[in-house]
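See structure below.
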Amino acid sequence: MAVDLLLGLQWGDEGKGKIVDVLTAKYDIIARFQGGPNAGHTLVFNGRKHVLHTIPSGIFHSEAMNVVGNGVVIDPVIFKKELDKLSEEGIDYRKNLLVSRKAHLILPTHRLLDAASEASKGKAKIGSTLKGIGPTYMDKTGRNGIRVGDIESPNWKKKYRLLADKHCTLVNFHQADIEYDLNALEAEFFDAIKTLQTLQFIDSEEYLFQAMKNGQPILAEGAQGSLLDIDFGTYPFVTSSTTTAAGACTGLGIAPRSIGEVFGIFKAYATRVGSGPFPTELFNDYGATMSRVGQEFGATTGRPRRCGWLDLVTLKYSCQINGVTQLMMMKADVLSGFDTIEICTAYEHNGEEISHFPFDIAPEFVKPIYKKFKGWKEDLTGMTTMTDLPQELLAYIDFIEKELDIPITIVSVGPDRKQTIFR
């Protein structure tokens with residue numbers, strides 16, 4: 001049985017959590033493969049909003065197993081808060097939540113290092129979520145990290161102390177003006193570790209291999225977006241993990257030939273949180289309207305998202321590097337009411353027109369070239385079939401589909417799981 005893969009094609013915030021929730025009924029296992037509490041997956045159903053950061057988005061379906069893979073980094077404090085909220089909702093997560101022993105832990109000092117490093121950069125800051133993600137992945141690749149499996153050892157706190165003391169030295173080196181109480185942070189951390197130790201730890205690569213062998217359908221869930229990939233994103237304004245399809249292999253221990261469908265999710269427009277180039281960003285009323293109607297605020301940080309027109313150059317690039325087989329368009333309802341809608345189809349780059357993603361898309365290097373479309377006025381949020389949708393939106397969808405040569409199989413017209421149209 002192949003593993004299907006779901007990931008974002010833009011700068012994150014595409015709506016992955018909602019679609020995982022919608023698709024979970026078709027799968028026995030939902031497995032997160034990278035990122036950590038810098039992710040914010042929002043789900044809406046039964047009139048209530050739920051935000052997950054580390055836990056897979058299938059957790060609200062009691063019949064599905066949810067695996068936190070080895071490629072994920074876990075902050076025990078934030079993880080505990082997520083678990084507490086699930087308990088308040090009556091979710092018995094201990095039945096269907098499994099954690100890889102090879103997943104790395106975010107220590108309190110990782111967050112301090114993140115804050116000190118970002119503060120020391122001044123105007124050159126990259127827009128970190130300050131969740132300790134980067135320093136944790138640095139320790140992982142530097143072979144200093146502490147993994148979930150380590151906390152099963154009785155003397156793991158000695159290893160913790162050595163690493164935390166090293167981090168404190170580095171924090172002082174940055175000479176950044178940050179205030180903290182390490183004793184209080186560590187007390188909260190060790191309390192959260194006790195909760196983490198009550199969960200089921202697994203050798204996740206073996207668990208998933210046996211599940212595939214037994215024919216169980218698996219959906220791999222990505223976090224952030226392809227344009228934030230450490231290798232292929234808008235470096236250095238990227239995250240610290242592999243957010244593309246390749247990350248599912250390294251983050252879960254599955255072979256490339258085991259990948260089946262690759263579901264690529266994108267918004268009908270584009271957004272970005274934090275610093276970094278954004279060729280189609282709007283600074284006018286259209287951008288302000290997208291932000292207001294789309295409620296564009298980061299689910300993790302609360303920061304306002306920058307908004308702009310859809311960029312087919314970046315979208316095509318993301319489809320290519322991921323091998324996307326199906327597309328899913330989110331937030332089409334947000335564009336209702338615009339007289340004219342534009343799509344970036346190419347860039348002007350060094351005096352010539354290009355349609356591929358270049359080395360640098362900073363404004364001094366590229367200028368977007370747009371194609372205009374007639375907008376629509378109808379409220380889409382109550383529509384349930386493709387035949388309900390206005391002709392202008394259908395033309396918009398048709399153009400994108402033909403340009404990318406990949407079918408758009410889902411159109412989302414609202415945040416609730418019911419506001420999902422299958423094509």
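Naming scheme: A, B, ... for chains in displayed order of the structure tokens; residues 1 onward per chain; ligands 1 onward as shown.
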Query raised in the report: Could you pull the residues within 12 Å of Pro279 of chain A, counting only C-alpha atoms, minus those fewer than 4 positions along the same chain, as a PyMOL selection string?
Result: chain A and resi 234+270-272+283+306-314+343-349+357+360-370
Keeping only N, CA and C atoms, take the residues you just selected and write them out as a compact mmCIF listing (two decimals), in the first residue's frame.
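What ended up in out21.txt:
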# COMPACT_ATOMS: atom_id res chain seq x y z
N THR A 234 12.71 30.25 -0.32
CA THR A 234 13.30 31.58 -0.53
C THR A 234 14.35 31.85 0.54
N ALA A 270 -2.32 34.55 -2.51
CA ALA A 270 -1.07 34.17 -1.85
C ALA A 270 -0.90 34.96 -0.56
N THR A 271 -0.28 34.34 0.45
CA THR A 271 0.03 35.03 1.70
C THR A 271 1.41 34.63 2.18
N ARG A 272 1.95 35.47 3.03
CA ARG A 272 3.23 35.16 3.65
C ARG A 272 3.29 35.82 5.02
N PHE A 283 -0.16 46.19 -1.63
CA PHE A 283 -0.13 47.20 -0.58
C PHE A 283 -1.31 48.15 -0.70
N ARG A 306 0.94 38.89 5.13
CA ARG A 306 1.00 39.72 3.94
C ARG A 306 0.19 39.03 2.85
N CYS A 307 -0.54 39.78 2.05
CA CYS A 307 -1.43 39.19 1.05
C CYS A 307 -1.11 39.69 -0.36
N GLY A 308 -1.38 38.87 -1.36
CA GLY A 308 -1.16 39.26 -2.75
C GLY A 308 -1.83 38.31 -3.71
N TRP A 309 -1.68 38.61 -4.99
CA TRP A 309 -2.28 37.77 -6.04
C TRP A 309 -1.58 36.42 -6.14
N LEU A 310 -2.28 35.48 -6.70
CA LEU A 310 -1.73 34.14 -6.93
C LEU A 310 -0.53 34.24 -7.88
N ASP A 311 0.52 33.50 -7.57
CA ASP A 311 1.76 33.50 -8.35
C ASP A 311 1.95 32.12 -8.97
N LEU A 312 1.70 32.01 -10.28
CA LEU A 312 1.82 30.72 -10.96
C LEU A 312 3.26 30.30 -11.15
N VAL A 313 4.20 31.24 -11.15
CA VAL A 313 5.61 30.88 -11.29
C VAL A 313 6.04 30.05 -10.08
N THR A 314 5.74 30.55 -8.88
CA THR A 314 6.11 29.80 -7.69
C THR A 314 5.27 28.53 -7.55
N ILE A 343 -3.57 37.17 -11.90
CA ILE A 343 -2.68 36.04 -11.66
C ILE A 343 -1.33 36.37 -12.27
N CYS A 344 -0.27 36.17 -11.51
CA CYS A 344 1.08 36.33 -12.05
C CYS A 344 1.42 35.08 -12.86
N THR A 345 1.69 35.28 -14.15
CA THR A 345 1.98 34.14 -15.05
C THR A 345 3.46 34.03 -15.40
N ALA A 346 4.23 35.11 -15.17
CA ALA A 346 5.66 35.11 -15.50
C ALA A 346 6.33 36.26 -14.76
N TYR A 347 7.66 36.30 -14.82
CA TYR A 347 8.43 37.39 -14.24
C TYR A 347 9.22 38.11 -15.33
N GLU A 348 9.43 39.39 -15.10
CA GLU A 348 10.44 40.11 -15.87
C GLU A 348 11.73 40.02 -15.05
N HIS A 349 12.74 39.40 -15.63
CA HIS A 349 13.97 39.10 -14.90
C HIS A 349 15.17 39.48 -15.75
N PHE A 357 11.24 29.56 -11.81
CA PHE A 357 11.61 30.15 -10.53
C PHE A 357 13.12 30.37 -10.50
N ASP A 360 16.86 34.05 -7.13
CA ASP A 360 16.43 35.05 -6.17
C ASP A 360 15.20 35.78 -6.71
N ILE A 361 14.13 35.86 -5.91
CA ILE A 361 12.92 36.55 -6.36
C ILE A 361 12.71 37.85 -5.59
N ALA A 362 13.79 38.41 -5.07
CA ALA A 362 13.70 39.71 -4.41
C ALA A 362 13.25 40.76 -5.42
N PRO A 363 12.59 41.85 -4.98
CA PRO A 363 12.03 42.83 -5.91
C PRO A 363 13.03 43.48 -6.84
N GLU A 364 14.31 43.54 -6.46
CA GLU A 364 15.31 44.12 -7.35
C GLU A 364 15.67 43.20 -8.51
N PHE A 365 15.22 41.93 -8.42
CA PHE A 365 15.55 40.97 -9.47
C PHE A 365 14.36 40.58 -10.35
N VAL A 366 13.15 40.58 -9.78
CA VAL A 366 11.99 40.14 -10.56
C VAL A 366 10.83 41.12 -10.43
N LYS A 367 10.06 41.21 -11.50
CA LYS A 367 8.83 42.00 -11.52
C LYS A 367 7.73 41.12 -12.08
N PRO A 368 6.62 40.95 -11.35
CA PRO A 368 5.57 40.04 -11.83
C PRO A 368 4.86 40.55 -13.08
N ILE A 369 4.52 39.63 -13.96
CA ILE A 369 3.72 39.92 -15.16
C ILE A 369 2.35 39.27 -14.94
N TYR A 370 1.28 40.06 -15.07
CA TYR A 370 -0.05 39.60 -14.68
C TYR A 370 -0.98 39.37 -15.87
Close residues, segment 324-340 of chain A itself excluded, 6 Å, only C-alpha atoms, min 5 positions apart in chain, as a compact mmCIF listing (two decimals) with N, CA and C atoms, in the first residue's frame:
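As a result, selection.txt now contains:
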# COMPACT_ATOMS: atom_id res chain seq x y z
N GLU A 261 -0.21 9.16 -4.12
CA GLU A 261 -0.71 10.46 -4.53
C GLU A 261 0.01 11.57 -3.76
N VAL A 262 0.25 12.69 -4.44
CA VAL A 262 0.82 13.87 -3.78
C VAL A 262 -0.19 15.00 -3.92
N PHE A 263 -0.86 15.31 -2.81
CA PHE A 263 -1.88 16.36 -2.80
C PHE A 263 -1.21 17.70 -2.49
N GLY A 264 -1.32 18.64 -3.43
CA GLY A 264 -0.74 19.96 -3.24
C GLY A 264 -1.83 20.97 -2.94
N ILE A 265 -1.70 21.68 -1.82
CA ILE A 265 -2.72 22.64 -1.39
C ILE A 265 -2.22 24.07 -1.60
N PHE A 266 -3.10 24.90 -2.15
CA PHE A 266 -2.74 26.31 -2.34
C PHE A 266 -3.96 27.19 -2.14
N LYS A 267 -3.73 28.41 -1.74
CA LYS A 267 -4.81 29.40 -1.63
C LYS A 267 -5.10 29.96 -3.01
N ALA A 268 -6.32 30.47 -3.19
CA ALA A 268 -6.70 31.10 -4.45
C ALA A 268 -5.96 32.42 -4.66
N VAL A 293 -11.06 39.80 5.07
CA VAL A 293 -12.05 38.77 4.78
C VAL A 293 -11.48 37.37 5.07
N GLY A 294 -10.21 37.16 4.73
CA GLY A 294 -9.59 35.86 4.94
C GLY A 294 -9.12 35.64 6.36
N CYS A 319 4.95 22.55 -7.65
CA CYS A 319 4.39 21.32 -8.22
C CYS A 319 5.49 20.44 -8.80
N PHE A 373 -8.45 38.74 -14.80
CA PHE A 373 -9.68 37.95 -14.91
C PHE A 373 -10.84 38.75 -14.33
N LYS A 374 -12.00 38.52 -14.86
CA LYS A 374 -13.20 39.15 -14.32
C LYS A 374 -13.55 38.49 -13.00
N GLY A 375 -13.86 39.31 -11.99
CA GLY A 375 -14.20 38.76 -10.69
C GLY A 375 -15.65 38.33 -10.60
N TRP A 376 -16.05 37.89 -9.41
CA TRP A 376 -17.43 37.46 -9.18
C TRP A 376 -17.93 38.08 -7.88
N LYS A 377 -19.23 38.23 -7.78
CA LYS A 377 -19.83 38.88 -6.62
C LYS A 377 -20.49 37.91 -5.65
N LEU A 380 -19.85 32.46 -1.85
CA LEU A 380 -19.64 31.04 -2.14
C LEU A 380 -19.85 30.14 -0.94
N PRO A 407 -4.87 18.27 -12.24
CA PRO A 407 -6.29 18.48 -11.89
C PRO A 407 -6.48 19.11 -10.52
N ILE A 408 -7.42 20.05 -10.43
CA ILE A 408 -7.85 20.62 -9.15
C ILE A 408 -9.05 19.79 -8.70
N THR A 409 -8.86 19.00 -7.66
CA THR A 409 -9.89 18.03 -7.26
C THR A 409 -10.76 18.49 -6.10
N ILE A 410 -10.31 19.53 -5.40
CA ILE A 410 -11.08 20.08 -4.28
C ILE A 410 -11.06 21.60 -4.35
N VAL A 411 -12.22 22.21 -4.12
CA VAL A 411 -12.32 23.66 -4.00
C VAL A 411 -12.96 23.95 -2.64
N SER A 412 -12.25 24.69 -1.79
CA SER A 412 -12.76 25.03 -0.47
C SER A 412 -13.43 26.39 -0.53
N VAL A 413 -14.63 26.48 0.05
CA VAL A 413 -15.39 27.74 0.01
C VAL A 413 -15.70 28.27 1.42
Requested in this report: Select from segment 68-269 of chain A everything DSSP, run on the backbone, classes as strand (DSSP E), then give the selection as a ChimeraX atom specification.
Outcome: /A:68,73-74,97-100,104-105,200-202,218-221,259-267
Query raised in the report: Near Glu82 of chain A, within 8 Å and counting only C-alpha atoms, which residues show up once chain neighbours fewer than 6 positions away are dropped, as a list in words?
Result: Leu52, His53 and Ile55 of chain A
For those residues, write C-alpha atoms to a file as a PDB file, in the first residue's frame.
ATOM      1  CA  LEU A  52      -3.081  22.101  16.265  1.00  0.00           C
ATOM      2  CA  HIS A  53       0.674  22.731  16.211  1.00  0.00           C
ATOM      3  CA  ILE A  55      -0.302  16.763  16.751  1.00  0.00           C
TER       4      ILE A  55
END
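For the residues A:Asp28, A:Glu179, A:Asp139, A:Glu89, ranking by smallest atom-to-atom distance to Leu105 of chain A using only C-alpha atoms places A:Asp139 first.
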Query raised in the report: Which polymer residues have any atom within 9 Å of an atom of Thr195 of chain A, counting only C-alpha atoms, with same-chain residues fewer than 2 positions away left out, as a list in words?
Result: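 In the requested form, the answer reads Pro76, Lys80, Leu83, Asp191, Ala192, Ile193, Gln197, Thr198 and Leu199 of chain A.
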Residues from last step as file, C-alpha atoms, as a PDB file, in the first residue's frame:
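Writing the result to part_26.pdb gives the following:
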ATOM      1  CA  PRO A  76       6.931  19.220  25.453  1.00  0.00           C
ATOM      2  CA  LYS A  80       1.148  19.280  26.756  1.00  0.00           C
ATOM      3  CA  LEU A  83      -3.091  17.509  24.837  1.00  0.00           C
ATOM      4  CA  ASP A 191       6.483  18.855  34.249  1.00  0.00           C
ATOM      5  CA  ALA A 192       5.519  18.575  30.569  1.00  0.00           C
ATOM      6  CA  ILE A 193       8.015  15.745  30.100  1.00  0.00           C
ATOM      7  CA  GLN A 197       6.159   9.993  29.062  1.00  0.00           C
ATOM      8  CA  THR A 198       2.560   8.759  29.446  1.00  0.00           C
ATOM      9  CA  LEU A 199       2.171   8.457  25.654  1.00  0.00           C
TER      10      LEU A 199
END
Query - Residues of segment 25-225 of chain A in helix (DSSP H, G or I), written as JSON, numbers by chain - result: {"A": [25, 26, 76, 77, 78, 79, 80, 81, 82, 83, 84, 85, 86, 87, 88, 93, 94, 95, 108, 109, 110, 111, 112, 113, 114, 115, 116, 117, 118, 119, 120, 122, 123, 124, 133, 134, 135, 136, 137, 138, 139, 140, 141, 148, 149, 150, 151, 152, 156, 157, 158, 159, 160, 161, 162, 163, 164, 165, 166, 167, 168, 169, 170, 171, 172, 173, 174, 182, 183, 184, 185, 186, 187, 188, 189, 190, 191, 192, 193, 194, 195, 196, 204, 205, 206, 207, 208, 209, 210, 211, 212, 213]}
Query raised in the report: Quick one, how far is atom CA of Gly17 of chain A from atom CA of Gly222 of chain A?
Result: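 Atom CA of Gly17 of chain A sits 9.4 Å away from atom CA of Gly222 of chain A.
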Query - Nearest-residue call for Gly225 of chain A, choices A:Arg423, A:Lys418, A:Lys26, A:His41, using only C-alpha atoms - result: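 Of all the options, A:His41 lies closest to Gly225 of chain A.
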Report task. Could you tell me which of A:Met138, A:Ile29, A:Asp398, A:Phe60 comes closest to Gln210 of chain A if we count only C-alpha atoms? Result ->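 Residue with the minimum atom-to-atom distance to Gln210 of chain A: A:Ile29.
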